[in-house]
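What follows is the content of upload33.pdb (PDB, C-alpha atoms).
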```
ATOM      1  CA  MET A   1      -2.664 -27.565  19.802
ATOM      2  CA  LEU A   2      -5.493 -25.062  19.518
ATOM      3  CA  PHE A   3      -5.975 -22.138  17.141
ATOM      4  CA  ASP A   4      -8.164 -19.326  18.478
ATOM      5  CA  THR A   5      -9.096 -17.729  15.167
ATOM      6  CA  HIS A   6     -10.730 -14.606  16.651
ATOM      7  CA  ALA A   7      -9.757 -12.758  19.824
ATOM      8  CA  HIS A   8      -9.553  -9.047  20.619
ATOM      9  CA  TYR A   9      -6.451  -8.624  22.767
ATOM     10  CA  ASP A  10      -6.394  -4.958  21.771
ATOM     11  CA  SER A  11      -9.504  -4.525  23.970
ATOM     12  CA  HIS A  12      -9.268  -2.247  26.992
ATOM     13  CA  GLN A  13     -10.396  -5.228  29.084
ATOM     14  CA  PHE A  14      -6.845  -6.587  28.758
ATOM     15  CA  ASP A  15      -5.057  -3.330  29.568
ATOM     16  CA  ARG A  16      -4.110  -4.346  33.120
ATOM     17  CA  ASP A  17      -2.655  -7.785  32.299
ATOM     18  CA  ARG A  18      -2.339  -8.162  28.519
ATOM     19  CA  GLU A  19       1.239  -9.417  28.540
ATOM     20  CA  GLU A  20       0.541 -11.929  31.306
ATOM     21  CA  VAL A  21      -2.473 -13.284  29.412
ATOM     22  CA  LEU A  22      -0.545 -13.634  26.161
ATOM     23  CA  ALA A  23       2.390 -15.267  27.951
ATOM     24  CA  ALA A  24      -0.011 -17.890  29.340
ATOM     25  CA  LEU A  25      -1.211 -19.053  25.903
ATOM     26  CA  PRO A  26       1.358 -21.849  25.363
ATOM     27  CA  GLY A  27       0.538 -23.297  28.780
ATOM     28  CA  ALA A  28      -3.117 -23.474  27.689
ATOM     29  CA  ASP A  29      -2.067 -25.379  24.538
ATOM     30  CA  VAL A  30      -3.017 -22.380  22.347
ATOM     31  CA  ALA A  31      -0.475 -22.135  19.542
ATOM     32  CA  LEU A  32      -2.005 -19.369  17.436
ATOM     33  CA  VAL A  33      -4.415 -16.444  17.693
ATOM     34  CA  VAL A  34      -5.793 -14.058  15.071
ATOM     35  CA  ASN A  35      -6.566 -10.604  16.477
ATOM     36  CA  PRO A  36      -8.966  -8.641  14.225
ATOM     37  CA  GLY A  37      -9.276  -4.884  14.372
ATOM     38  CA  CYS A  38     -12.617  -3.091  14.695
ATOM     39  CA  ASP A  39     -11.494   0.399  13.667
ATOM     40  CA  LEU A  40      -8.236   2.032  12.614
ATOM     41  CA  PRO A  41      -6.734   2.373  16.139
ATOM     42  CA  SER A  42      -7.519  -1.233  17.076
ATOM     43  CA  SER A  43      -6.252  -2.426  13.687
ATOM     44  CA  ARG A  44      -2.967  -0.631  14.338
ATOM     45  CA  MET A  45      -2.741  -2.238  17.760
ATOM     46  CA  ALA A  46      -3.533  -5.661  16.306
ATOM     47  CA  VAL A  47      -0.559  -5.261  13.962
ATOM     48  CA  SER A  48       1.635  -4.108  16.850
ATOM     49  CA  LEU A  49       0.698  -7.166  18.930
ATOM     50  CA  ALA A  50       1.437  -9.434  15.973
ATOM     51  CA  GLU A  51       4.859  -7.813  15.552
ATOM     52  CA  THR A  52       5.846  -8.478  19.167
ATOM     53  CA  HIS A  53       4.297 -11.930  19.752
ATOM     54  CA  SER A  54       5.206 -14.891  17.565
ATOM     55  CA  GLY A  55       1.885 -16.729  17.876
ATOM     56  CA  ILE A  56      -0.315 -13.694  17.234
ATOM     57  CA  TYR A  57      -1.496 -12.688  13.770
ATOM     58  CA  ALA A  58      -3.599  -9.667  12.837
ATOM     59  CA  ALA A  59      -6.575  -8.737  10.705
ATOM     60  CA  VAL A  60      -7.392  -5.109   9.883
ATOM     61  CA  GLY A  61     -10.797  -3.612   9.239
ATOM     62  CA  VAL A  62     -13.697  -1.481  10.421
ATOM     63  CA  HIS A  63     -16.566  -3.174  12.281
ATOM     64  CA  PRO A  64     -20.159  -2.172  11.444
ATOM     65  CA  GLU A  65     -20.702  -0.846  14.978
ATOM     66  CA  ASP A  66     -17.663   1.409  14.570
ATOM     67  CA  CYS A  67     -18.117   2.672  11.024
ATOM     68  CA  ALA A  68     -19.985   5.951  11.673
ATOM     69  CA  ASP A  69     -16.938   8.075  10.820
ATOM     70  CA  TRP A  70     -15.957   5.963   7.797
ATOM     71  CA  THR A  71     -14.672   7.667   4.686
ATOM     72  CA  ASP A  72     -13.382   5.787   1.675
ATOM     73  CA  ALA A  73     -10.022   7.473   2.290
ATOM     74  CA  MET A  74      -9.613   5.027   5.196
ATOM     75  CA  LEU A  75      -9.024   2.308   2.632
ATOM     76  CA  ASP A  76      -5.553   3.748   2.083
ATOM     77  CA  GLU A  77      -4.514   3.145   5.695
ATOM     78  CA  LEU A  78      -6.114  -0.294   5.761
ATOM     79  CA  ARG A  79      -4.248  -1.132   2.565
ATOM     80  CA  ALA A  80      -0.973   0.011   4.140
ATOM     81  CA  LEU A  81      -1.607  -1.953   7.337
ATOM     82  CA  ALA A  82      -2.536  -5.045   5.320
ATOM     83  CA  ALA A  83       0.902  -4.996   3.697
ATOM     84  CA  HIS A  84       2.428  -6.183   6.982
ATOM     85  CA  PRO A  85       3.500  -9.841   6.645
ATOM     86  CA  LYS A  86       1.554 -10.873   9.750
ATOM     87  CA  VAL A  87      -1.756  -9.392   8.567
ATOM     88  CA  VAL A  88      -3.702 -12.399   7.344
ATOM     89  CA  ALA A  89      -7.210 -11.031   6.681
ATOM     90  CA  ILE A  90      -9.467  -8.012   6.315
ATOM     91  CA  GLY A  91     -11.718  -7.903   9.324
ATOM     92  CA  GLU A  92     -13.707  -7.602  11.386
ATOM     93  CA  ILE A  93     -16.174  -6.319   8.801
ATOM     94  CA  GLY A  94     -19.841  -6.918   8.065
ATOM     95  CA  LEU A  95     -23.314  -5.863   9.166
ATOM     96  CA  ASP A  96     -24.971  -5.434  12.555
ATOM     97  CA  TYR A  97     -28.678  -4.603  12.635
ATOM     98  CA  TYR A  98     -29.157  -5.542  16.292
ATOM     99  CA  TRP A  99     -28.370  -2.192  17.924
ATOM    100  CA  LYS A 100     -30.685   0.663  16.929
ATOM    101  CA  GLU A 101     -27.925   3.202  17.562
ATOM    102  CA  ASN A 102     -25.650   1.605  14.953
ATOM    103  CA  PRO A 103     -25.010   3.509  11.706
ATOM    104  CA  PRO A 104     -27.799   3.277   9.078
ATOM    105  CA  ARG A 105     -28.067  -0.048   7.318
ATOM    106  CA  GLU A 106     -27.347   1.356   3.872
ATOM    107  CA  PHE A 107     -24.174   2.993   5.184
ATOM    108  CA  GLN A 108     -23.043  -0.232   6.853
ATOM    109  CA  GLN A 109     -23.554  -1.999   3.535
ATOM    110  CA  HIS A 110     -21.419   0.590   1.738
ATOM    111  CA  VAL A 111     -18.577   0.152   4.243
ATOM    112  CA  PHE A 112     -18.857  -3.640   4.042
ATOM    113  CA  ARG A 113     -18.735  -3.574   0.239
ATOM    114  CA  ALA A 114     -15.740  -1.210   0.218
ATOM    115  CA  GLN A 115     -13.770  -3.556   2.460
ATOM    116  CA  MET A 116     -14.821  -6.631   0.510
ATOM    117  CA  ALA A 117     -13.474  -4.903  -2.602
ATOM    118  CA  LEU A 118     -10.215  -4.202  -0.751
ATOM    119  CA  ALA A 119      -9.915  -7.859   0.222
ATOM    120  CA  GLN A 120     -10.470  -8.844  -3.397
ATOM    121  CA  GLU A 121      -7.810  -6.376  -4.528
ATOM    122  CA  LEU A 122      -5.284  -7.691  -1.984
ATOM    123  CA  ASP A 123      -6.244 -11.376  -2.310
ATOM    124  CA  LEU A 124      -6.894 -11.631   1.423
ATOM    125  CA  PRO A 125      -9.697 -13.521   3.169
ATOM    126  CA  VAL A 126     -12.298 -11.649   5.210
ATOM    127  CA  ILE A 127     -13.669 -12.094   8.720
ATOM    128  CA  VAL A 128     -17.381 -11.285   8.702
ATOM    129  CA  HIS A 129     -19.547 -10.118  11.578
ATOM    130  CA  ASP A 130     -23.230 -10.779  10.858
ATOM    131  CA  ARG A 131     -25.809  -9.992  13.523
ATOM    132  CA  GLU A 132     -29.486  -9.915  12.615
ATOM    133  CA  ALA A 133     -28.456  -9.174   9.010
ATOM    134  CA  HIS A 134     -28.301 -12.600   7.400
ATOM    135  CA  GLY A 135     -30.068 -11.773   4.133
ATOM    136  CA  ASP A 136     -28.107  -8.620   3.350
ATOM    137  CA  SER A 137     -24.836 -10.225   4.446
ATOM    138  CA  MET A 138     -25.395 -13.126   2.072
ATOM    139  CA  ASP A 139     -26.325 -10.784  -0.779
ATOM    140  CA  ILE A 140     -23.044  -8.923  -0.404
ATOM    141  CA  VAL A 141     -21.044 -12.148  -0.145
ATOM    142  CA  ARG A 142     -22.594 -13.363  -3.391
ATOM    143  CA  ASP A 143     -21.597 -10.097  -5.087
ATOM    144  CA  PHE A 144     -17.922 -10.890  -4.418
ATOM    145  CA  PRO A 145     -17.478 -14.491  -5.612
ATOM    146  CA  GLU A 146     -13.686 -14.185  -5.693
ATOM    147  CA  VAL A 147     -13.422 -13.328  -1.981
ATOM    148  CA  ARG A 148     -12.853 -16.117   0.545
ATOM    149  CA  GLY A 149     -14.098 -15.633   4.060
ATOM    150  CA  VAL A 150     -15.328 -16.865   7.412
ATOM    151  CA  PHE A 151     -18.537 -15.969   9.208
ATOM    152  CA  HIS A 152     -17.286 -15.671  12.758
ATOM    153  CA  CYS A 153     -19.454 -16.339  15.821
ATOM    154  CA  PHE A 154     -21.936 -17.928  13.435
ATOM    155  CA  SER A 155     -25.578 -17.230  14.293
ATOM    156  CA  GLY A 156     -27.320 -18.273  11.104
ATOM    157  CA  SER A 157     -29.370 -21.328  10.234
ATOM    158  CA  ALA A 158     -28.226 -24.730   9.026
ATOM    159  CA  GLU A 159     -29.478 -23.785   5.540
ATOM    160  CA  MET A 160     -27.397 -20.611   5.572
ATOM    161  CA  ALA A 161     -24.380 -22.644   6.664
ATOM    162  CA  LYS A 162     -24.870 -25.026   3.742
ATOM    163  CA  GLU A 163     -25.050 -22.088   1.322
ATOM    164  CA  LEU A 164     -21.847 -20.570   2.699
ATOM    165  CA  VAL A 165     -20.071 -23.891   2.329
ATOM    166  CA  ARG A 166     -21.323 -24.145  -1.242
ATOM    167  CA  LEU A 167     -19.843 -20.701  -1.907
ATOM    168  CA  GLY A 168     -16.486 -21.843  -0.530
ATOM    169  CA  TRP A 169     -16.643 -20.091   2.832
ATOM    170  CA  HIS A 170     -15.682 -21.232   6.345
ATOM    171  CA  ILE A 171     -17.694 -20.960   9.559
ATOM    172  CA  SER A 172     -16.423 -20.395  13.079
ATOM    173  CA  PHE A 173     -18.065 -21.003  16.432
ATOM    174  CA  THR A 174     -17.563 -19.369  19.817
ATOM    175  CA  GLY A 175     -18.485 -20.419  23.337
ATOM    176  CA  VAL A 176     -22.130 -19.947  22.332
ATOM    177  CA  LEU A 177     -21.932 -23.563  21.174
ATOM    178  CA  THR A 178     -21.730 -24.583  24.854
ATOM    179  CA  TYR A 179     -24.821 -22.656  25.977
ATOM    180  CA  PRO A 180     -27.975 -24.569  26.984
ATOM    181  CA  ASN A 181     -30.053 -22.703  24.362
ATOM    182  CA  ALA A 182     -27.558 -23.315  21.525
ATOM    183  CA  ARG A 183     -29.882 -25.519  19.448
ATOM    184  CA  LYS A 184     -29.591 -23.364  16.317
ATOM    185  CA  ALA A 185     -25.793 -23.240  16.485
ATOM    186  CA  ILE A 186     -25.598 -26.992  17.042
ATOM    187  CA  GLU A 187     -27.890 -27.660  14.083
ATOM    188  CA  ALA A 188     -25.621 -25.520  11.910
ATOM    189  CA  ALA A 189     -22.424 -27.130  13.184
ATOM    190  CA  ASP A 190     -23.887 -30.555  12.496
ATOM    191  CA  VAL A 191     -24.215 -29.926   8.736
ATOM    192  CA  ILE A 192     -20.887 -28.173   8.124
ATOM    193  CA  PRO A 193     -18.115 -30.360   6.673
ATOM    194  CA  LEU A 194     -15.146 -30.838   8.965
ATOM    195  CA  ASP A 195     -12.803 -29.036   6.576
ATOM    196  CA  ARG A 196     -14.796 -25.779   6.836
ATOM    197  CA  LEU A 197     -14.954 -25.435  10.618
ATOM    198  CA  MET A 198     -12.943 -23.216  12.939
ATOM    199  CA  VAL A 199     -13.155 -22.346  16.632
ATOM    200  CA  GLU A 200     -12.688 -19.017  18.400
ATOM    201  CA  THR A 201     -13.289 -17.207  21.653
ATOM    202  CA  ASP A 202     -14.163 -13.677  20.475
ATOM    203  CA  SER A 203     -12.339 -12.659  23.653
ATOM    204  CA  PRO A 204     -13.029 -10.825  25.856
ATOM    205  CA  TYR A 205     -16.650 -11.648  24.990
ATOM    206  CA  MET A 206     -18.727 -14.834  24.678
ATOM    207  CA  ALA A 207     -17.065 -16.928  27.388
ATOM    208  CA  PRO A 208     -18.178 -20.569  27.237
ATOM    209  CA  VAL A 209     -19.849 -22.626  29.934
ATOM    210  CA  PRO A 210     -18.630 -22.987  32.705
ATOM    211  CA  PHE A 211     -17.102 -19.485  32.547
ATOM    212  CA  ARG A 212     -20.082 -17.643  31.076
ATOM    213  CA  GLY A 213     -20.197 -14.035  32.282
ATOM    214  CA  ARG A 214     -16.460 -13.789  32.909
ATOM    215  CA  ARG A 215     -13.847 -12.132  30.747
ATOM    216  CA  ASN A 216     -13.034 -14.595  27.996
ATOM    217  CA  TRP A 217      -9.518 -15.515  26.848
ATOM    218  CA  SER A 218      -8.005 -17.996  24.430
ATOM    219  CA  GLY A 219      -7.440 -20.587  27.139
ATOM    220  CA  TYR A 220     -11.205 -21.153  27.148
ATOM    221  CA  VAL A 221     -11.357 -22.122  23.450
ATOM    222  CA  GLU A 222     -10.808 -25.695  24.609
ATOM    223  CA  HIS A 223     -14.420 -25.818  25.810
ATOM    224  CA  THR A 224     -15.780 -24.792  22.415
ATOM    225  CA  ALA A 225     -13.569 -27.390  20.721
ATOM    226  CA  ARG A 226     -14.768 -30.104  23.097
ATOM    227  CA  ARG A 227     -18.427 -29.266  22.416
ATOM    228  CA  LEU A 228     -17.809 -29.134  18.670
ATOM    229  CA  ALA A 229     -16.127 -32.548  18.861
ATOM    230  CA  GLU A 230     -19.238 -33.941  20.571
ATOM    231  CA  VAL A 231     -21.512 -32.459  17.900
ATOM    232  CA  LYS A 232     -19.388 -33.885  15.081
ATOM    233  CA  GLY A 233     -18.877 -37.273  16.735
ATOM    234  CA  ILE A 234     -15.085 -37.089  16.747
ATOM    235  CA  SER A 235     -12.451 -37.034  19.460
ATOM    236  CA  TYR A 236     -11.331 -33.806  21.067
ATOM    237  CA  GLU A 237      -7.821 -34.408  19.758
ATOM    238  CA  ALA A 238      -9.136 -34.816  16.197
ATOM    239  CA  CYS A 239     -11.179 -31.632  16.524
ATOM    240  CA  CYS A 240      -8.109 -29.675  17.669
ATOM    241  CA  ARG A 241      -6.042 -31.026  14.777
ATOM    242  CA  ILE A 242      -8.721 -30.403  12.152
ATOM    243  CA  THR A 243      -9.594 -26.868  13.260
ATOM    244  CA  LEU A 244      -5.894 -25.997  13.521
ATOM    245  CA  GLU A 245      -5.255 -27.273   9.998
ATOM    246  CA  ASN A 246      -8.313 -25.419   8.690
ATOM    247  CA  GLY A 247      -7.154 -22.170  10.266
ATOM    248  CA  LEU A 248      -3.622 -22.518   8.928
ATOM    249  CA  ARG A 249      -4.919 -23.175   5.425
ATOM    250  CA  PHE A 250      -7.560 -20.450   5.514
ATOM    251  CA  PHE A 251      -5.232 -17.713   6.812
ATOM    252  CA  ARG A 252      -2.175 -19.031   4.908
ATOM    253  CA  ILE A 253      -0.131 -19.277   8.087
ATOM    254  CA  PRO A 254       2.872 -21.618   8.351
ATOM    255  CA  ALA A 255       2.421 -24.516  10.734
ATOM    256  CA  PRO A 256       3.876 -23.770  14.189
ATOM    257  CA  VAL A 257       7.059 -25.615  15.063
TER
END
```
Is it possible to express this structure as structure tokens?
Amino acid sequence: MLFDTHAHYDSHQFDRDREEVLAALPGADVALVVNPGCDLPSSRMAVSLAETHSGIYAAVGVHPEDCADWTDAMLDELRALAAHPKVVAIGEIGLDYYWKENPPREFQQHVFRAQMALAQELDLPVIVHDREAHGDSMDIVRDFPEVRGVFHCFSGSAEMAKELVRLGWHISFTGVLTYPNARKAIEAADVIPLDRLMVETDSPYMAPVPFRGRRNWSGYVEHTARRLAEVKGISYEACCRITLENGLRFFRIPAPV
């Protein structure tokens, strides 16, 4: 069984066939999915999807690309949403310095810190988005030593991966691991202990080879797991079992029957 630890089924790209896609997950051997929010509306929808689908869990948070209208009063709604029994993390939160039109870096850092503090208060793990912001992301992580987390769609170096592991964090890989130019991701995956690895799709984005450029969905996480198994020198079946167990432990989710 596979655990897609990061997929956005609240996305408008699934509006025409969302229920059909979710109904197809068991047939693709996908037992569990975590759907993170990126703002308050998508966080609400993530919770709604988790309520109506047994294998779907939610995370709630405000993404750095979507934080322009942030006020600290939003923490109250995130706190209320996080009280739902199927909310397993605060996320997707973090820093994104790639797009020039994103909110100012200092403001992104404030929003990130506020949500890290909320996670600490609620004793929930965090799902971190880090794009072109490795140094500042690591600085903020170090400022919250009691918070557990995962860097999703990891794009850092092998040295950064080692430091995250030392701090007790997990690391997750998307279909990027299957791309021909994935040398940096493969180098990072190679040094991460098996008990700190997870796999994801980041659907509807980041589809793996041979589906690159198409709308992604959790059925494609198999290809990331197969590539990760090759990198780690283990069987595909072992990789599925290990990443499933890691995800269950990290998110504190009961094992599926």
Worksheet item: Got a sec: who's within 9 Å of Pro204 of chain A, counting all atoms listed in the file, leaving out chain neighbours fewer than 4 positions off, as a PyMOL selection string?
Response: chain A and resi 7-9+11+13-14+214-218
Given the PyMOL selection byres ((chain A and resi 84) around 12) and the file above, list the residues it selects as a compact mmCIF listing (two decimals) with C-alpha atoms, keeping the file's coordinate frame.
```
# COMPACT_ATOMS: atom_id res chain seq x y z
CA SER A 43 -6.25 -2.43 13.69
CA ARG A 44 -2.97 -0.63 14.34
CA ALA A 46 -3.53 -5.66 16.31
CA VAL A 47 -0.56 -5.26 13.96
CA SER A 48 1.64 -4.11 16.85
CA ALA A 50 1.44 -9.43 15.97
CA GLU A 51 4.86 -7.81 15.55
CA TYR A 57 -1.50 -12.69 13.77
CA ALA A 58 -3.60 -9.67 12.84
CA ALA A 59 -6.58 -8.74 10.70
CA VAL A 60 -7.39 -5.11 9.88
CA GLU A 77 -4.51 3.14 5.70
CA LEU A 78 -6.11 -0.29 5.76
CA ARG A 79 -4.25 -1.13 2.56
CA ALA A 80 -0.97 0.01 4.14
CA LEU A 81 -1.61 -1.95 7.34
CA ALA A 82 -2.54 -5.04 5.32
CA ALA A 83 0.90 -5.00 3.70
CA PRO A 85 3.50 -9.84 6.64
CA LYS A 86 1.55 -10.87 9.75
CA VAL A 87 -1.76 -9.39 8.57
CA VAL A 88 -3.70 -12.40 7.34
CA ALA A 89 -7.21 -11.03 6.68
CA LEU A 122 -5.28 -7.69 -1.98
```
Item to complete: Counting all atoms listed in the file, figure out which residue out of A:Ala238, A:Thr174, A:Ile56, A:Leu194 gets nearest to Pro208 of chain A.
Response: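 When distances to Pro208 of chain A are compared using all atoms listed in the file, the smallest one comes from A:Thr174.
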Worksheet entry | Exercise: residues within 10 Å of coordinate (2.6, -13.0, 25.7), counting all atoms listed in the file, as a count of residues only | 16
Practice prompt. Figure out the distance between atom CA of Leu164 of chain A and atom CA of Pro64 of chain A, please, to one decimal in Å.
Written response: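 Between atom CA of Pro64 of chain A and atom CA of Leu164 of chain A the gap works out to 20.4 Å.
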Item to complete: On this file, the PyMOL selection byres ((chain A and resi 231-235) around 10) gives some set of residues; write that set as a PyMOL selection string.
Response: chain A and resi 177+186-187+189-194+225-230+236-241
Discussion item. Starting from the PyMOL selection byres ((chain A and resi 197) around 9), expand the selection into actual residues of this file and give them as a ChimeraX atom specification.
Written reply: /A:170-173,189,192-196,198-199,242-243,246-247
Item to complete: Kindly give the distance, in Å, that separates atom CA of Glu163 of chain A and atom CA of Arg183 of chain A, rounded to a single decimal.
Response: 19.1 Å
Worksheet entry | Pairwise distance for atom CA of Val147 of chain A and atom CA of Val257 of chain A, rounded to one decimal in Å | 29.3 Å
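Of the residues listed (A:Ala158, A:Leu75, A:Met116, A:Ala188), A:Met116 shows the shortest atom-to-atom separation from Ser137 of chain A; distances use all atoms listed in the file.
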Discussion item. Measuring between all atoms listed in the file, which one of A:Ala119, A:Ala255, A:Met1, A:Val176 shows the shortest distance to Val30 of chain A?
Written reply: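 Closest candidate: A:Met1.
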Item to complete: May I ask which of the residues A:Lys184, A:His129, A:Arg252, A:His223 is the closest one to Leu2 of chain A, counting all atoms listed in the file?
Response: A:His223
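Compared by their closest atoms to Thr178 of chain A, and using only C-alpha atoms, the residues A:Glu222, A:Glu146, A:Asp69, A:Asp29 rank with A:Glu222 nearest.
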Worksheet item: So, counting all atoms listed in the file, which residue among A:Leu40, A:Ala114, A:Leu124, A:Ala31 is closest to Asp10 of chain A?
Response: A:Leu40
Which residues come within 9 Å of segment 103-109 of chain A, counting only C-alpha atoms, excluding same-chain residues fewer than 4 positions away, as a short mmCIF file (atom, residue, chain, number, x, y, z; two decimals) with C-alpha atoms, in the coordinates of the input?
```cif
data_model
loop_
_atom_site.label_atom_id
_atom_site.label_comp_id
_atom_site.auth_asym_id
_atom_site.auth_seq_id
_atom_site.Cartn_x
_atom_site.Cartn_y
_atom_site.Cartn_z
CA HIS A 63 -16.57 -3.17 12.28
CA PRO A 64 -20.16 -2.17 11.44
CA GLU A 65 -20.70 -0.85 14.98
CA ASP A 66 -17.66 1.41 14.57
CA CYS A 67 -18.12 2.67 11.02
CA ALA A 68 -19.98 5.95 11.67
CA GLY A 94 -19.84 -6.92 8.06
CA LEU A 95 -23.31 -5.86 9.17
CA ASP A 96 -24.97 -5.43 12.56
CA TYR A 97 -28.68 -4.60 12.64
CA ARG A 113 -18.74 -3.57 0.24
CA ALA A 114 -15.74 -1.21 0.22
CA ASP A 136 -28.11 -8.62 3.35
CA SER A 137 -24.84 -10.22 4.45
CA ILE A 140 -23.04 -8.92 -0.40
#
```
For segment 179-191 of chain A, where the input has fewer atoms than it should, I would like N, CA and C atoms rebuilt and written as a tab-separated table (two decimals), keeping the file's coordinate frame.
```
chain	number	residue	atom	x	y	z
A	179	TYR	N	-23.70	-23.17	25.19
A	179	TYR	CA	-24.82	-22.66	25.98
A	179	TYR	C	-26.01	-23.61	25.91
A	180	PRO	N	-26.82	-23.66	26.97
A	180	PRO	CA	-27.98	-24.57	26.98
A	180	PRO	C	-28.97	-24.31	25.86
A	181	ASN	N	-29.08	-23.06	25.40
A	181	ASN	CA	-30.05	-22.70	24.36
A	181	ASN	C	-29.41	-22.64	22.97
A	182	ALA	N	-28.35	-23.41	22.77
A	182	ALA	CA	-27.56	-23.32	21.52
A	182	ALA	C	-28.08	-24.22	20.41
A	183	ARG	N	-29.34	-24.57	20.43
A	183	ARG	CA	-29.88	-25.52	19.45
A	183	ARG	C	-29.59	-25.10	18.01
A	184	LYS	N	-29.79	-23.82	17.69
A	184	LYS	CA	-29.59	-23.36	16.32
A	184	LYS	C	-28.13	-23.50	15.90
A	185	ALA	N	-27.22	-23.12	16.79
A	185	ALA	CA	-25.79	-23.24	16.48
A	185	ALA	C	-25.39	-24.69	16.31
A	186	ILE	N	-25.94	-25.57	17.14
A	186	ILE	CA	-25.60	-26.99	17.04
A	186	ILE	C	-26.13	-27.58	15.74
A	187	GLU	N	-27.34	-27.18	15.35
A	187	GLU	CA	-27.89	-27.66	14.08
A	187	GLU	C	-27.01	-27.23	12.91
A	188	ALA	N	-26.50	-26.00	12.98
A	188	ALA	CA	-25.62	-25.52	11.91
A	188	ALA	C	-24.30	-26.28	11.92
A	189	ALA	N	-23.70	-26.42	13.10
A	189	ALA	CA	-22.42	-27.13	13.18
A	189	ALA	C	-22.54	-28.56	12.67
A	190	ASP	N	-23.68	-29.16	12.89
A	190	ASP	CA	-23.89	-30.56	12.50
A	190	ASP	C	-23.79	-30.76	10.99
A	191	VAL	N	-24.17	-29.75	10.19
A	191	VAL	CA	-24.22	-29.93	8.74
A	191	VAL	C	-22.97	-29.40	8.03
```
